[in-house]
>>> print(open('run-v3.csv').read())   # CSV, C-alpha atoms
chain,number,residue,atom,x,y,z
A,2,MET,CA,87.2,103.6,70.0
A,3,ARG,CA,85.5,100.7,71.8
A,4,PRO,CA,87.4,99.0,74.7
A,5,ALA,CA,87.4,95.6,72.8
A,6,LEU,CA,89.1,97.1,69.8
A,7,ARG,CA,91.6,99.0,72.0
A,8,ALA,CA,92.3,95.6,73.7
A,9,VAL,CA,93.0,94.0,70.4
A,10,LEU,CA,95.4,96.9,69.4
A,11,GLY,CA,97.1,96.7,72.8
A,12,PHE,CA,97.4,92.9,72.3
A,13,ALA,CA,99.1,93.4,68.9
A,14,LEU,CA,101.4,96.1,70.2
A,15,GLY,CA,102.2,94.2,73.4
A,16,PHE,CA,103.0,91.0,71.4
A,17,ALA,CA,105.2,92.9,68.9
A,18,LEU,CA,107.1,94.6,71.7
A,19,TRP,CA,107.4,91.4,73.8
A,20,ARG,CA,108.6,89.5,70.7
A,21,ALA,CA,111.2,92.1,69.8
A,22,GLY,CA,112.3,93.0,73.3
A,23,THR,CA,112.6,89.5,74.7
A,24,PRO,CA,116.3,88.9,73.9
A,25,ALA,CA,117.5,92.1,75.7
A,26,TYR,CA,114.9,91.6,78.5
A,27,ASP,CA,116.0,88.0,79.1
A,28,ARG,CA,119.6,89.2,79.5
A,29,LEU,CA,118.4,91.8,82.0
A,30,LEU,CA,116.3,89.2,83.8
A,31,ALA,CA,119.2,86.8,84.1
A,32,ASP,CA,121.6,89.5,85.3
A,33,THR,CA,119.1,90.6,88.0
A,34,ALA,CA,118.0,87.1,89.2
A,35,GLU,CA,121.6,85.8,89.4
A,36,PRO,CA,122.7,87.8,92.5
A,37,LEU,CA,119.4,86.9,94.2
A,38,LEU,CA,120.0,83.2,93.6
A,39,ARG,CA,123.6,83.5,94.8
A,40,LEU,CA,122.3,85.1,98.0
A,41,LEU,CA,120.1,82.0,98.6
A,42,GLU,CA,122.9,79.4,98.2
A,43,ARG,CA,126.2,78.3,99.8
A,44,PRO,CA,128.6,78.3,98.0
A,45,ALA,CA,127.3,81.0,95.6
A,46,ALA,CA,127.8,79.1,92.4
A,47,THR,CA,124.9,79.9,90.1
A,48,ARG,CA,125.5,81.7,86.8
A,49,LEU,CA,122.6,82.6,84.5
A,50,TYR,CA,122.7,83.7,80.9
A,51,ALA,CA,120.1,84.2,78.2
A,52,GLU,CA,120.3,82.3,75.0
A,53,ASP,CA,117.7,81.7,72.3
A,54,ARG,CA,114.7,82.9,74.3
A,55,ARG,CA,115.8,80.6,77.2
A,56,ILE,CA,117.6,81.2,80.4
A,57,VAL,CA,120.6,78.8,80.7
A,58,VAL,CA,121.5,77.7,84.2
A,59,ASP,CA,125.2,77.2,84.8
A,60,ARG,CA,127.0,76.5,88.1
A,61,ALA,CA,130.7,76.7,89.1
A,62,ASP,CA,130.4,73.1,90.4
A,63,PHE,CA,128.9,71.6,87.2
A,64,ALA,CA,131.3,69.3,85.3
A,65,SER,CA,132.8,71.3,82.5
A,66,ARG,CA,131.5,68.9,79.8
A,67,SER,CA,128.0,68.3,81.2
A,68,GLU,CA,125.0,69.8,79.3
A,69,ARG,CA,123.6,73.0,80.9
A,70,PRO,CA,119.9,72.9,81.8
A,71,SER,CA,117.8,75.8,80.6
A,72,LEU,CA,114.3,77.3,81.2
A,73,PRO,CA,111.9,78.7,78.7
A,74,ALA,CA,112.0,82.5,79.4
A,75,ASP,CA,108.9,83.1,77.3
A,76,ASP,CA,106.7,81.3,79.9
A,77,LEU,CA,107.9,83.7,82.6
A,78,THR,CA,107.4,86.9,80.7
A,79,LEU,CA,104.4,86.6,78.3
A,80,ASN,CA,102.0,88.0,80.9
A,81,VAL,CA,103.2,91.5,79.8
A,82,ILE,CA,101.0,91.0,76.7
A,83,LEU,CA,98.0,90.5,78.8
A,84,LEU,CA,98.9,93.6,80.8
A,85,ALA,CA,99.4,95.6,77.6
A,86,SER,CA,96.0,94.5,76.3
A,87,LEU,CA,94.2,95.3,79.4
A,88,ALA,CA,96.0,98.7,79.8
A,89,ALA,CA,95.0,99.6,76.3
A,90,THR,CA,91.3,99.4,77.2
A,91,ARG,CA,91.7,102.6,79.3
A,92,ARG,CA,90.9,105.8,77.4
A,93,ARG,CA,93.4,108.1,79.1
A,94,LEU,CA,96.3,105.7,79.1
A,95,LEU,CA,98.7,108.1,77.3
A,96,ARG,CA,98.2,111.0,79.6
A,97,ASP,CA,100.5,111.8,82.5
A,98,ARG,CA,98.7,109.7,85.1
A,99,GLY,CA,98.2,106.8,82.7
A,100,VAL,CA,101.8,106.7,81.6
A,101,LEU,CA,103.0,106.8,85.2
A,102,ALA,CA,100.5,104.1,86.3
A,103,LEU,CA,101.6,101.9,83.3
A,104,ALA,CA,105.3,102.4,84.1
A,105,ALA,CA,104.7,101.5,87.8
A,106,ALA,CA,102.7,98.4,86.7
A,107,LEU,CA,105.5,97.3,84.2
A,108,GLY,CA,108.1,97.9,86.9
A,109,ALA,CA,106.2,95.7,89.4
A,110,LEU,CA,105.6,93.1,86.7
A,111,GLY,CA,109.4,93.0,86.0
A,112,LEU,CA,110.0,92.4,89.7
A,113,THR,CA,107.6,89.4,89.7
A,114,HIS,CA,109.5,88.1,86.6
A,115,VAL,CA,112.7,88.1,88.7
A,116,VAL,CA,111.1,86.3,91.6
A,117,ALA,CA,109.5,83.8,89.2
A,118,LEU,CA,112.9,83.1,87.6
A,119,VAL,CA,114.5,82.6,91.0
A,120,CYS,CA,111.7,80.1,91.9
A,121,ALA,CA,112.0,78.3,88.5
A,122,VAL,CA,115.8,77.9,89.0
A,123,LYS,CA,115.3,76.6,92.5
A,124,ALA,CA,112.6,74.2,91.3
A,125,LEU,CA,115.0,73.0,88.7
A,126,TYR,CA,117.8,72.5,91.3
A,127,ALA,CA,115.3,70.7,93.6
A,128,THR,CA,114.0,68.2,91.1
A,129,GLN,CA,116.0,67.9,87.9
A,130,LEU,CA,119.5,67.3,88.9
A,131,GLY,CA,119.2,63.6,90.1
A,132,GLU,CA,121.2,62.6,93.2
A,133,TRP,CA,122.4,66.2,93.7
A,134,SER,CA,118.8,67.4,94.0
A,135,THR,CA,117.8,64.8,96.6
A,136,ALA,CA,121.1,65.4,98.5
A,137,ASN,CA,120.5,69.2,98.7
A,138,TYR,CA,116.8,69.6,98.8
A,139,GLY,CA,114.4,68.0,101.3
A,140,PRO,CA,110.7,67.2,100.5
A,141,LEU,CA,109.5,70.5,102.0
A,142,SER,CA,111.8,72.8,99.9
A,143,ARG,CA,111.2,70.6,96.8
A,144,ASN,CA,107.4,71.1,97.2
A,145,LEU,CA,107.8,74.7,98.0
A,146,TRP,CA,109.8,75.7,94.9
A,147,VAL,CA,108.0,73.4,92.5
A,148,GLY,CA,104.6,74.5,93.9
A,149,ALA,CA,105.5,78.1,93.6
A,150,THR,CA,106.7,77.6,90.0
A,151,HIS,CA,103.7,75.6,89.0
A,152,PHE,CA,101.3,78.1,90.6
A,153,TYR,CA,103.0,81.0,88.7
A,154,ARG,CA,102.7,79.2,85.3
A,155,VAL,CA,99.1,78.0,85.7
A,156,ALA,CA,97.4,81.0,87.3
A,157,GLY,CA,99.9,83.4,89.1
A,158,CYS,CA,101.4,85.0,86.0
A,159,TRP,CA,97.9,85.9,84.7
A,160,ALA,CA,96.6,86.9,88.1
A,161,ILE,CA,99.6,89.3,88.6
A,162,ALA,CA,99.0,91.0,85.2
A,163,PHE,CA,95.3,91.3,85.9
A,164,GLY,CA,95.9,92.5,89.5
A,165,LEU,CA,98.4,95.2,88.3
A,166,TRP,CA,96.0,96.4,85.7
A,167,TRP,CA,93.1,96.5,88.2
A,168,GLY,CA,95.1,98.0,91.1
A,169,LEU,CA,97.5,100.4,89.3
A,170,VAL,CA,96.6,101.1,85.7
A,171,ARG,CA,92.8,101.2,86.0
A,172,ARG,CA,92.6,102.9,89.3
A,173,GLY,CA,95.6,105.2,88.5
A,174,ILE,CA,93.9,106.6,85.5
A,175,SER,CA,90.3,106.8,86.8
A,176,GLY,CA,91.4,108.0,90.3
A,177,GLY,CA,89.9,105.0,92.0
A,178,ASP,CA,86.4,104.4,90.6
A,179,GLY,CA,84.3,101.6,91.8
A,180,PRO,CA,84.1,98.0,90.5
A,181,PRO,CA,82.7,97.3,87.1
A,182,GLY,CA,78.9,97.4,87.0
A,183,ARG,CA,78.6,100.3,89.3
A,184,PRO,CA,78.9,103.8,87.9
A,185,PRO,CA,81.7,105.9,89.5
A,186,THR,CA,80.4,107.6,92.6
A,187,PRO,CA,80.7,111.5,92.4
A,188,ARG,CA,82.7,113.0,95.3
A,189,GLY,CA,80.6,113.7,98.3
A,190,SER,CA,77.5,112.0,96.9
A,191,ARG,CA,77.8,109.1,99.3
A,192,ARG,CA,77.6,111.4,102.3
A,193,ALA,CA,74.8,113.4,100.7
A,194,SER,CA,72.7,110.3,100.0
A,195,ARG,CA,73.2,108.7,103.3
A,196,PRO,CA,69.9,108.6,105.3
A,197,ARG,CA,69.8,111.1,108.1
A,198,GLY,CA,68.8,110.4,111.7
A,199,ARG,CA,70.7,107.1,112.0
A,200,GLY,CA,73.5,106.4,114.5
B,14,MET,CA,91.6,62.7,79.8
B,15,PRO,CA,88.1,62.1,78.4
B,16,PHE,CA,87.3,65.8,78.3
B,17,THR,CA,90.5,66.6,76.3
B,18,GLU,CA,89.7,63.6,74.0
B,19,GLN,CA,86.3,65.1,73.2
B,20,ILE,CA,88.0,68.4,72.4
B,21,VAL,CA,90.4,66.6,70.1
B,22,ALA,CA,87.5,64.7,68.4
B,23,VAL,CA,85.6,67.9,67.7
B,24,SER,CA,88.8,69.8,66.6
B,25,ALA,CA,89.7,66.9,64.2
B,26,ALA,CA,86.2,67.0,62.8
B,27,ALA,CA,86.5,70.8,62.2
B,28,LEU,CA,89.9,70.3,60.6
B,29,ARG,CA,88.5,67.6,58.3
B,30,ALA,CA,85.7,70.0,57.3
B,31,LEU,CA,88.4,72.5,56.4
B,32,GLY,CA,90.0,69.9,54.1
B,33,GLU,CA,92.8,68.7,56.4
B,34,PRO,CA,93.5,64.9,56.3
B,35,VAL,CA,93.6,64.4,60.0
B,36,LEU,CA,93.0,61.5,62.4
B,37,ALA,CA,92.2,61.8,66.1
B,38,GLU,CA,93.9,59.3,68.4
B,39,GLY,CA,93.2,59.9,72.1
B,40,THR,CA,94.6,63.4,72.8
B,41,GLN,CA,96.5,63.5,69.6
B,42,ILE,CA,95.6,64.9,66.2
B,43,ARG,CA,97.7,63.5,63.3
B,44,SER,CA,98.1,64.3,59.7
B,45,PRO,CA,100.8,62.9,57.3
B,46,GLY,CA,103.1,65.9,57.9
B,47,PHE,CA,102.2,67.1,61.4
B,48,ALA,CA,100.8,66.0,64.8
B,49,VAL,CA,99.9,67.7,68.0
B,50,ASP,CA,99.2,66.3,71.5
B,51,VAL,CA,96.6,68.4,73.3
B,52,LYS,CA,97.7,68.6,76.9
B,53,ASN,CA,96.0,69.9,80.0
B,54,GLY,CA,97.2,73.5,79.4
B,55,CYS,CA,95.6,73.5,76.0
B,56,ASN,CA,92.1,72.3,76.8
B,57,GLY,CA,90.7,75.7,78.0
B,58,VAL,CA,90.1,74.4,81.5
B,59,GLU,CA,92.6,76.9,83.1
B,60,ALA,CA,90.8,79.9,81.6
B,61,MET,CA,87.4,78.4,82.6
B,62,LEU,CA,88.6,77.9,86.2
B,63,ILE,CA,89.8,81.5,86.4
B,64,LEU,CA,86.5,82.8,85.1
B,65,VAL,CA,84.5,80.5,87.4
B,66,ALA,CA,86.6,81.6,90.4
B,67,ALA,CA,86.1,85.3,89.5
B,68,ILE,CA,82.3,84.9,89.0
B,69,LEU,CA,81.9,83.0,92.3
B,70,ALA,CA,83.9,85.7,94.1
B,71,PHE,CA,81.8,88.6,92.7
B,72,PRO,CA,78.6,89.5,94.6
B,73,ALA,CA,75.7,88.4,92.5
B,74,THR,CA,72.6,86.3,92.6
B,75,ALA,CA,72.8,82.5,92.1
B,76,ARG,CA,70.9,82.8,88.8
B,77,SER,CA,73.3,85.4,87.5
B,78,ARG,CA,76.3,83.3,88.5
B,79,PHE,CA,74.9,80.2,86.9
B,80,LEU,CA,74.1,82.0,83.6
B,81,GLY,CA,77.6,83.7,83.7
B,82,ILE,CA,79.4,80.4,84.2
B,83,ALA,CA,77.3,78.5,81.7
B,84,ALA,CA,77.7,81.1,78.9
B,85,GLY,CA,81.3,81.8,79.8
B,86,THR,CA,82.2,78.1,79.6
B,87,LEU,CA,80.6,77.8,76.2
B,88,VAL,CA,82.4,80.9,74.8
B,89,ILE,CA,85.8,79.8,76.2
B,90,GLN,CA,85.4,76.3,74.8
B,91,ALA,CA,84.4,77.8,71.4
B,92,ALA,CA,87.5,80.0,71.5
B,93,ASN,CA,89.6,77.0,72.5
B,94,LEU,CA,88.3,75.1,69.5
B,95,VAL,CA,89.4,77.9,67.2
B,96,ARG,CA,92.8,77.8,69.1
B,97,VAL,CA,93.4,74.1,68.6
B,98,VAL,CA,92.2,74.1,64.9
B,99,SER,CA,94.2,77.2,64.1
B,100,LEU,CA,97.4,76.0,65.8
B,101,PHE,CA,97.2,72.7,64.0
B,102,TRP,CA,96.7,74.5,60.7
B,103,LEU,CA,99.6,76.8,61.4
B,104,GLY,CA,101.8,73.8,62.4
B,105,ALA,CA,100.9,72.0,59.2
B,106,HIS,CA,101.3,75.0,56.8
B,107,HIS,CA,103.4,77.7,58.6
B,108,ARG,CA,105.6,75.9,61.0
B,109,GLU,CA,107.7,78.9,61.7
B,110,LEU,CA,104.7,80.7,63.3
B,111,PHE,CA,103.6,77.8,65.4
B,112,ASP,CA,105.7,78.4,68.5
B,113,ALA,CA,104.9,82.1,68.9
B,114,PHE,CA,101.2,81.4,68.5
B,115,HIS,CA,101.2,78.4,70.8
B,116,THR,CA,103.2,80.0,73.6
B,117,ALA,CA,102.1,83.6,73.5
B,118,VAL,CA,99.3,84.5,71.2
B,119,TRP,CA,96.6,81.9,72.1
B,120,GLN,CA,97.5,81.6,75.8
B,121,THR,CA,97.1,85.3,76.3
B,122,ALA,CA,94.1,85.6,73.9
B,123,LEU,CA,92.2,82.9,75.8
B,124,LEU,CA,92.9,84.7,79.2
B,125,LEU,CA,91.8,87.9,77.6
B,126,VAL,CA,88.6,86.3,76.5
B,127,ALA,CA,88.1,85.1,80.1
B,128,VAL,CA,88.8,88.6,81.5
B,129,GLY,CA,86.5,90.2,78.9
B,130,LEU,CA,83.7,87.8,79.7
B,131,PHE,CA,84.1,88.6,83.4
B,132,VAL,CA,84.0,92.3,82.9
B,133,PHE,CA,81.0,92.0,80.6
B,134,TRP,CA,79.3,89.7,83.1
B,135,THR,CA,80.0,92.1,86.1
B,136,ARG,CA,78.4,94.9,84.1
B,137,ARG,CA,75.3,92.9,83.4
B,138,ALA,CA,75.2,91.5,87.0
B,139,GLY,CA,75.8,95.0,88.4
B,140,ALA,CA,73.1,96.6,86.3
B,141,ARG,CA,70.6,93.8,87.3
B,142,ALA,CA,71.5,94.3,91.0
B,143,ALA,CA,71.0,98.1,90.6
B,144,ARG,CA,67.5,97.5,89.1
B,145,ALA,CA,66.5,95.1,91.8
>>> encode(input="run-v3.csv", output="structure tokens")
Amino acid sequence: MRPALRAVLGFALGFALWRAGTPAYDRLLADTAEPLLRLLERPAATRLYAEDRRIVVDRADFASRSERPSLPADDLTLNVILLASLAATRRRLLRDRGVLALAAALGALGLTHVVALVCAVKALYATQLGEWSTANYGPLSRNLWVGATHFYRVAGCWAIAFGLWWGLVRRGISGGDGPPGRPPTPRGSRRASRPRGRG
Amino acid sequence: MPFTEQIVAVSAAALRALGEPVLAEGTQIRSPGFAVDVKNGCNGVEAMLILVAAILAFPATARSRFLGIAAGTLVIQAANLVRVVSLFWLGAHHRELFDAFHTAVWQTALLLVAVGLFVFWTRRAGARAARA
């Protein structure tokens, strides 16, 4: 099967799994990011929970009747579809090395989702909570968290999926072949073809 | 955004050709039952920039790079036109599908097109470099 067709199948499968798995995955994401956020704050007051494909941000010091802000979780996690599509282009994906490489890539992608959620919540704290934000976050930290969040949404989430495919899945399956456009170099051929009598 | 307004004008013309009673106003496409505002993230520029950055970073001749960027830009903008038109049509006729296609399907598909174009171009550029 041609790589383009495999990519389309991977895309469809990745989209279906992402769509179906998101509610449970969002809960796991919230439960994992919450302790990290609490490590970064004094007093530790953040509470995260998933609701309707969004991550709701609650704090112990919010007024009990105030509305809870929330973040769209889909924006953080949809790069898994790109990774699935790219991974599907590899012929030996479902063999041992392929499955291991894909599992490692998905695990690493999950970690980046946790970090992205932490940055998104900090960006929300730094800019969206009025006087509380200006009292607790200076210009540097505001720019840091908002910049990190914006970078992730515009380019970072795609670059991470592409990088994991390139570095783990593609190389993991092919055993480290060269960049596209150059045929894989057979073992030992580099040494054999090197001109003699130099150096 | 003059660039986005041009995309909106072309998309509205395509939708009218498909029988949709739409009007283009700045960056908005309106019909009696539905309207969209095409923002920066939906004009294909991000995918174009990622492709351009990748092509410029890959070792190749200036001619190869120019051809890759020019052809890649055209293909991405053509795909983005299909994206805007199909999203409007989905919003007008199958509203329940709009969010999923807007958030996930088309964003990922456009990036996949950019990655596919890059891989295709690297193979051509690599083969040309090998012949030279």
>>> residues_around(input="run-v3.csv", residues="A:Pro44", least_positions_apart="5", cutoff="10 Å", atoms="all atoms listed in the file", output="ChimeraX atom specification")
/A:39,61-62
>>> atom_distance(input="run-v3.csv", atom1="atom CA of A:Ala149", atom2="atom CA of A:Ala127")
12.3 Å
>>> interface_residues(input="run-v3.csv", of="chain A", to="chain B", cutoff="9 Å", atoms="only C-alpha atoms", output="list in words")
Ala5, Ala8, Phe12, Phe16, Arg20, Asp75, Asp76, Leu79, Asn80, Ile82, Leu83, Ser86, Leu87, Val155, Ala156, Trp159, Ala160, Phe163, Pro180, Pro181, Gly182 and Arg183 of chain A
>>> atom_distance(input="run-v3.csv", atom1="atom CA of A:Leu72", atom2="atom CA of A:Val57")
6.5 Å
>>> residues_around(input="run-v3.csv", residues="B:Val49", least_positions_apart="2", cutoff="9 Å", atoms="only C-alpha atoms", output="PDB file with C-alpha atoms, in the frame of the given file")
ATOM      1  CA  THR B  40      94.600  63.400  72.800  1.00  0.00           C
ATOM      2  CA  GLN B  41      96.500  63.500  69.600  1.00  0.00           C
ATOM      3  CA  ILE B  42      95.600  64.900  66.200  1.00  0.00           C
ATOM      4  CA  ARG B  43      97.700  63.500  63.300  1.00  0.00           C
ATOM      5  CA  PHE B  47     102.200  67.100  61.400  1.00  0.00           C
ATOM      6  CA  VAL B  51      96.600  68.400  73.300  1.00  0.00           C
ATOM      7  CA  LEU B 100      97.400  76.000  65.800  1.00  0.00           C
ATOM      8  CA  PHE B 101      97.200  72.700  64.000  1.00  0.00           C
ATOM      9  CA  GLY B 104     101.800  73.800  62.400  1.00  0.00           C
TER      10      GLY B 104
END
>>> residues_around(input="run-v3.csv", residues="A:Gly22", least_positions_apart="4", cutoff="12 Å", atoms="only C-alpha atoms", output="ChimeraX atom specification")
/A:14-18,26-30,54,75,78-79,81-82
>>> atom_distance(input="run-v3.csv", atom1="atom CA of A:Leu6", atom2="atom CA of A:Leu169")
21.5 Å
>>> residues_around(input="run-v3.csv", residues="A:Arg143", least_positions_apart="5", cutoff="12 Å", atoms="all atoms listed in the file", output="tab-separated table (two decimals) with C-alpha atoms, in the frame of the given file")
chain	number	residue	atom	x	y	z
A	120	CYS	CA	111.70	80.10	91.90
A	121	ALA	CA	112.00	78.30	88.50
A	122	VAL	CA	115.80	77.90	89.00
A	123	LYS	CA	115.30	76.60	92.50
A	124	ALA	CA	112.60	74.20	91.30
A	125	LEU	CA	115.00	73.00	88.70
A	126	TYR	CA	117.80	72.50	91.30
A	127	ALA	CA	115.30	70.70	93.60
A	128	THR	CA	114.00	68.20	91.10
A	129	GLN	CA	116.00	67.90	87.90
A	130	LEU	CA	119.50	67.30	88.90
A	134	SER	CA	118.80	67.40	94.00
A	135	THR	CA	117.80	64.80	96.60
A	136	ALA	CA	121.10	65.40	98.50
A	137	ASN	CA	120.50	69.20	98.70
A	138	TYR	CA	116.80	69.60	98.80
A	148	GLY	CA	104.60	74.50	93.90
A	149	ALA	CA	105.50	78.10	93.60
A	150	THR	CA	106.70	77.60	90.00
A	151	HIS	CA	103.70	75.60	89.00
>>> build_atoms(input="run-v3.csv", residues="stretch 51-60 of chain B", atoms="all heavy atoms", output="PDB file, in the coordinates of the input")
ATOM      1  N   VAL B  51      97.294  67.354  72.485  1.00  0.00           N
ATOM      2  CA  VAL B  51      96.600  68.400  73.300  1.00  0.00           C
ATOM      3  C   VAL B  51      96.734  68.049  74.746  1.00  0.00           C
ATOM      4  O   VAL B  51      96.170  67.055  75.205  1.00  0.00           O
ATOM      5  CB  VAL B  51      95.129  68.529  72.849  1.00  0.00           C
ATOM      6  CG1 VAL B  51      94.433  69.608  73.669  1.00  0.00           C
ATOM      7  CG2 VAL B  51      95.029  68.859  71.371  1.00  0.00           C
ATOM      8  N   LYS B  52      97.501  68.860  75.459  1.00  0.00           N
ATOM      9  CA  LYS B  52      97.700  68.600  76.900  1.00  0.00           C
ATOM     10  C   LYS B  52      96.752  69.399  77.740  1.00  0.00           C
ATOM     11  O   LYS B  52      95.944  70.162  77.224  1.00  0.00           O
ATOM     12  CB  LYS B  52      99.179  68.983  77.242  1.00  0.00           C
ATOM     13  CG  LYS B  52     100.215  68.309  76.361  1.00  0.00           C
ATOM     14  CD  LYS B  52     101.091  67.408  77.163  1.00  0.00           C
ATOM     15  CE  LYS B  52     102.136  66.765  76.283  1.00  0.00           C
ATOM     16  NZ  LYS B  52     102.668  65.547  76.789  1.00  0.00           N
ATOM     17  N   ASN B  53      96.908  69.235  79.047  1.00  0.00           N
ATOM     18  CA  ASN B  53      96.000  69.900  80.000  1.00  0.00           C
ATOM     19  C   ASN B  53      95.954  71.424  79.793  1.00  0.00           C
ATOM     20  O   ASN B  53      94.911  72.032  79.890  1.00  0.00           O
ATOM     21  CB  ASN B  53      96.366  69.582  81.407  1.00  0.00           C
ATOM     22  CG  ASN B  53      95.717  68.283  81.853  1.00  0.00           C
ATOM     23  OD1 ASN B  53      94.749  67.850  81.246  1.00  0.00           O
ATOM     24  ND2 ASN B  53      96.259  67.662  82.876  1.00  0.00           N
ATOM     25  N   GLY B  54      97.109  72.031  79.568  1.00  0.00           N
ATOM     26  CA  GLY B  54      97.200  73.500  79.400  1.00  0.00           C
ATOM     27  C   GLY B  54      96.480  73.999  78.182  1.00  0.00           C
ATOM     28  O   GLY B  54      96.245  75.196  78.032  1.00  0.00           O
ATOM     29  N   CYS B  55      96.145  73.092  77.243  1.00  0.00           N
ATOM     30  CA  CYS B  55      95.600  73.500  76.000  1.00  0.00           C
ATOM     31  C   CYS B  55      94.118  73.148  75.812  1.00  0.00           C
ATOM     32  O   CYS B  55      93.579  73.217  74.708  1.00  0.00           O
ATOM     33  CB  CYS B  55      96.375  72.909  74.808  1.00  0.00           C
ATOM     34  SG  CYS B  55      98.082  73.431  74.758  1.00  0.00           S
ATOM     35  N   ASN B  56      93.466  72.734  76.896  1.00  0.00           N
ATOM     36  CA  ASN B  56      92.100  72.300  76.800  1.00  0.00           C
ATOM     37  C   ASN B  56      91.084  73.407  77.263  1.00  0.00           C
ATOM     38  O   ASN B  56      89.881  73.158  77.339  1.00  0.00           O
ATOM     39  CB  ASN B  56      91.798  70.993  77.477  1.00  0.00           C
ATOM     40  CG  ASN B  56      92.162  71.036  78.948  1.00  0.00           C
ATOM     41  OD1 ASN B  56      92.409  72.110  79.497  1.00  0.00           O
ATOM     42  ND2 ASN B  56      92.212  69.882  79.583  1.00  0.00           N
ATOM     43  N   GLY B  57      91.613  74.581  77.600  1.00  0.00           N
ATOM     44  CA  GLY B  57      90.700  75.700  78.000  1.00  0.00           C
ATOM     45  C   GLY B  57      90.273  75.633  79.433  1.00  0.00           C
ATOM     46  O   GLY B  57      89.577  76.546  79.901  1.00  0.00           O
ATOM     47  N   VAL B  58      90.658  74.579  80.158  1.00  0.00           N
ATOM     48  CA  VAL B  58      90.100  74.400  81.500  1.00  0.00           C
ATOM     49  C   VAL B  58      90.699  75.494  82.456  1.00  0.00           C
ATOM     50  O   VAL B  58      89.966  76.010  83.317  1.00  0.00           O
ATOM     51  CB  VAL B  58      90.455  72.993  82.045  1.00  0.00           C
ATOM     52  CG1 VAL B  58      90.159  72.888  83.533  1.00  0.00           C
ATOM     53  CG2 VAL B  58      89.621  71.971  81.287  1.00  0.00           C
ATOM     54  N   GLU B  59      91.980  75.864  82.256  1.00  0.00           N
ATOM     55  CA  GLU B  59      92.600  76.900  83.100  1.00  0.00           C
ATOM     56  C   GLU B  59      91.782  78.211  83.021  1.00  0.00           C
ATOM     57  O   GLU B  59      91.437  78.830  84.034  1.00  0.00           O
ATOM     58  CB  GLU B  59      94.022  77.152  82.770  1.00  0.00           C
ATOM     59  CG  GLU B  59      94.935  76.032  83.225  1.00  0.00           C
ATOM     60  CD  GLU B  59      96.325  76.135  82.624  1.00  0.00           C
ATOM     61  OE1 GLU B  59      96.632  77.165  81.994  1.00  0.00           O
ATOM     62  OE2 GLU B  59      97.080  75.166  82.778  1.00  0.00           O
ATOM     63  N   ALA B  60      91.519  78.616  81.780  1.00  0.00           N
ATOM     64  CA  ALA B  60      90.800  79.900  81.600  1.00  0.00           C
ATOM     65  C   ALA B  60      89.371  79.761  82.169  1.00  0.00           C
ATOM     66  O   ALA B  60      88.859  80.711  82.786  1.00  0.00           O
ATOM     67  CB  ALA B  60      90.706  80.209  80.092  1.00  0.00           C
TER      68      ALA B  60
END
